[in-house]
Amino acid sequence: MRLEYFDMIDRVVTLDRDAKRIEAQSTVPMQSPVFEGHFPGHPLVPGVLLTETMAQASGYLVLGLTGFTHMPFLMAIDRARFRSFVGPGTLLTITAHLAHEGSGYAGTKANIVAEGKTLCDAELRFRTMPFPEGMDELMRAQARRMGLLSEAA
Amino acid sequence: MTSSTFETVAGIISDTADIPREQITPESHAIDDLGIDSLAFLDIAFAIDKAFGIKLPLEQWTQEVNEGKVPAEEYFVLKNLVSRIDALVAAKTA
């Protein structure tokens, strides 16, 4: 997990196509420029970056289920709740499932758990659009790196 | 067009796009008259999908309008949108 690069997902643990559910893991870095400001001497992962983490897991879920035909772009965040502080070194388990499959958009419910405790949850929606030029291969490379796609895919 | 469907849709549009309910009539064009943009329309579609248990075929409609096969009014004037919702609901329960 590299907060300053919006590189939020370390690896995909499972993509369950039948349950339309993804589970991923990330470890919060011990150091990051983000922590210099949020907050000096009291490092905490900002809620917006936890939201981004849930959004990225949801995005890879949509990509995986649709076979990388369209790019999901975050369009709405509902019912976001941040239930506990998240500090450096925390191992995060991020889960998202497809709650609504619309035409041209998709809705997910996602949460992040650490040591059995729910840290945050939200309902997210994504507009699904044709890939901008070159983004298709970029997303596939990311997916291979985190184990969502095999090296050959 | 059933009036109960229209009332539900008008309520959704009013809540979602923050438009006074009295401005929304069966003759209203969602884009031209009510100023609903494409992102807001997706929000409305999400609420309609959930409320009626259907899936508005937005991608198909958009393609048909963009290709000039169907005038936008067929989908975006509310009385027409409501008729299509009624048809989708009827097809689901048939």
# chains A, B, ... in the order shown; residues from 1 in each chain; ligands from 1

$ residues_around --residues "segment 74-80 of chain B" --least-positions-apart "2" --cutoff "6 Å" --atoms "only C-alpha atoms" --output "list in words"
Pro26, Ser28, His29, Ala30, Pro71, Ala72, Val82 and Ser83 of chain B

$ write_last_selection --atoms "N, CA and C atoms" --output "PDB file, in the first residue's frame"
ATOM      1  N   PRO B  26     -45.765  15.340 -16.164  1.00  0.00           N
ATOM      2  CA  PRO B  26     -45.590  14.264 -17.164  1.00  0.00           C
ATOM      3  C   PRO B  26     -44.971  14.764 -18.467  1.00  0.00           C
ATOM      4  N   SER B  28     -42.623  17.050 -18.656  1.00  0.00           N
ATOM      5  CA  SER B  28     -41.257  17.551 -18.445  1.00  0.00           C
ATOM      6  C   SER B  28     -40.241  16.683 -19.179  1.00  0.00           C
ATOM      7  N   HIS B  29     -39.295  17.338 -19.829  1.00  0.00           N
ATOM      8  CA  HIS B  29     -38.151  16.648 -20.420  1.00  0.00           C
ATOM      9  C   HIS B  29     -37.044  16.672 -19.362  1.00  0.00           C
ATOM     10  N   ALA B  30     -36.566  15.489 -18.999  1.00  0.00           N
ATOM     11  CA  ALA B  30     -35.629  15.399 -17.870  1.00  0.00           C
ATOM     12  C   ALA B  30     -34.393  16.270 -18.078  1.00  0.00           C
ATOM     13  N   PRO B  71     -35.711   9.462 -31.122  1.00  0.00           N
ATOM     14  CA  PRO B  71     -35.542  10.813 -30.553  1.00  0.00           C
ATOM     15  C   PRO B  71     -35.437  10.727 -29.026  1.00  0.00           C
ATOM     16  N   ALA B  72     -34.639  11.606 -28.452  1.00  0.00           N
ATOM     17  CA  ALA B  72     -34.401  11.572 -27.003  1.00  0.00           C
ATOM     18  C   ALA B  72     -35.696  11.689 -26.210  1.00  0.00           C
ATOM     19  N   VAL B  82     -42.082   6.929 -17.927  1.00  0.00           N
ATOM     20  CA  VAL B  82     -42.979   6.183 -17.032  1.00  0.00           C
ATOM     21  C   VAL B  82     -43.639   5.017 -17.778  1.00  0.00           C
ATOM     22  N   SER B  83     -44.050   5.247 -19.033  1.00  0.00           N
ATOM     23  CA  SER B  83     -44.640   4.152 -19.826  1.00  0.00           C
ATOM     24  C   SER B  83     -43.647   3.007 -19.999  1.00  0.00           C
TER      25      SER B  83
END

$ interface_residues --of "chain B" --to "chain A" --cutoff "9 Å" --atoms "only C-alpha atoms" --output "PyMOL selection string"
chain B and resi 39+42-43+45-46+49-50+55-60

$ write_last_selection --atoms "N, CA and C atoms" --output "PDB file, in the first residue's frame"
ATOM      1  N   LEU B  39     -24.896  12.341 -15.070  1.00  0.00           N
ATOM      2  CA  LEU B  39     -24.544  11.709 -13.787  1.00  0.00           C
ATOM      3  C   LEU B  39     -25.768  11.651 -12.872  1.00  0.00           C
ATOM      4  N   LEU B  42     -28.063   8.939 -13.850  1.00  0.00           N
ATOM      5  CA  LEU B  42     -27.657   7.609 -13.359  1.00  0.00           C
ATOM      6  C   LEU B  42     -28.105   7.411 -11.914  1.00  0.00           C
ATOM      7  N   ASP B  43     -28.031   8.474 -11.124  1.00  0.00           N
ATOM      8  CA  ASP B  43     -28.531   8.404  -9.739  1.00  0.00           C
ATOM      9  C   ASP B  43     -30.025   8.086  -9.734  1.00  0.00           C
ATOM     10  N   ALA B  45     -31.727   6.680 -12.191  1.00  0.00           N
ATOM     11  CA  ALA B  45     -31.916   5.319 -12.708  1.00  0.00           C
ATOM     12  C   ALA B  45     -31.691   4.288 -11.597  1.00  0.00           C
ATOM     13  N   PHE B  46     -30.680   4.533 -10.775  1.00  0.00           N
ATOM     14  CA  PHE B  46     -30.391   3.618  -9.658  1.00  0.00           C
ATOM     15  C   PHE B  46     -31.606   3.543  -8.722  1.00  0.00           C
ATOM     16  N   ASP B  49     -34.460   1.738 -10.561  1.00  0.00           N
ATOM     17  CA  ASP B  49     -34.177   0.288 -10.609  1.00  0.00           C
ATOM     18  C   ASP B  49     -34.555  -0.369  -9.281  1.00  0.00           C
ATOM     19  N   LYS B  50     -34.141   0.275  -8.199  1.00  0.00           N
ATOM     20  CA  LYS B  50     -34.394  -0.310  -6.871  1.00  0.00           C
ATOM     21  C   LYS B  50     -35.881  -0.259  -6.524  1.00  0.00           C
ATOM     22  N   LYS B  55     -34.344  -3.082 -14.449  1.00  0.00           N
ATOM     23  CA  LYS B  55     -33.054  -2.560 -14.899  1.00  0.00           C
ATOM     24  C   LYS B  55     -33.300  -1.714 -16.137  1.00  0.00           C
ATOM     25  N   LEU B  56     -33.327  -0.403 -15.950  1.00  0.00           N
ATOM     26  CA  LEU B  56     -33.526   0.484 -17.101  1.00  0.00           C
ATOM     27  C   LEU B  56     -32.374   0.275 -18.082  1.00  0.00           C
ATOM     28  N   PRO B  57     -32.678  -0.022 -19.341  1.00  0.00           N
ATOM     29  CA  PRO B  57     -31.587  -0.304 -20.310  1.00  0.00           C
ATOM     30  C   PRO B  57     -30.931   0.975 -20.831  1.00  0.00           C
ATOM     31  N   LEU B  58     -30.284   1.696 -19.942  1.00  0.00           N
ATOM     32  CA  LEU B  58     -29.757   3.022 -20.291  1.00  0.00           C
ATOM     33  C   LEU B  58     -28.728   2.988 -21.409  1.00  0.00           C
ATOM     34  N   GLU B  59     -27.874   1.955 -21.388  1.00  0.00           N
ATOM     35  CA  GLU B  59     -26.838   1.891 -22.431  1.00  0.00           C
ATOM     36  C   GLU B  59     -27.478   1.748 -23.807  1.00  0.00           C
ATOM     37  N   GLN B  60     -28.505   0.901 -23.875  1.00  0.00           N
ATOM     38  CA  GLN B  60     -29.197   0.699 -25.149  1.00  0.00           C
ATOM     39  C   GLN B  60     -29.899   1.988 -25.585  1.00  0.00           C
TER      40      GLN B  60
END

$ closest_residue --among "A:Glu123, A:Phe85, A:Gly134, A:Ile94" --to "Val13 of chain A" --atoms "only C-alpha atoms"
A:Ile94

$ select_by_dssp --residues "segment 28-134 of chain A" --states "strand (DSSP E)" --output "number ranges by chain"
A: 71-82, 91-101, 105-114, 117-129

$ select_by_dssp --residues "chain B" --states "alpha helix (DSSP H)" --output "NGL selection string"
:B and (3-17 or 38-52 or 58-66 or 73-76 or 78-93)

$ residues_around --residues "Thr69 of chain A" --least-positions-apart "6" --cutoff "9 Å" --atoms "only C-alpha atoms" --output "list in words"
Leu63, Met129, Pro130, Phe131 and Asp136 of chain A

$ write_last_selection --atoms "C-alpha atoms" --output "PDB file, in the first residue's frame"
ATOM      1  CA  LEU A  63     -13.390  -5.374 -13.771  1.00  0.00           C
ATOM      2  CA  MET A 129     -17.508   3.367 -19.497  1.00  0.00           C
ATOM      3  CA  PRO A 130     -15.335   2.268 -22.418  1.00  0.00           C
ATOM      4  CA  PHE A 131     -11.666   2.350 -21.451  1.00  0.00           C
ATOM      5  CA  ASP A 136      -7.146  -1.152 -20.546  1.00  0.00           C
TER       6      ASP A 136
END
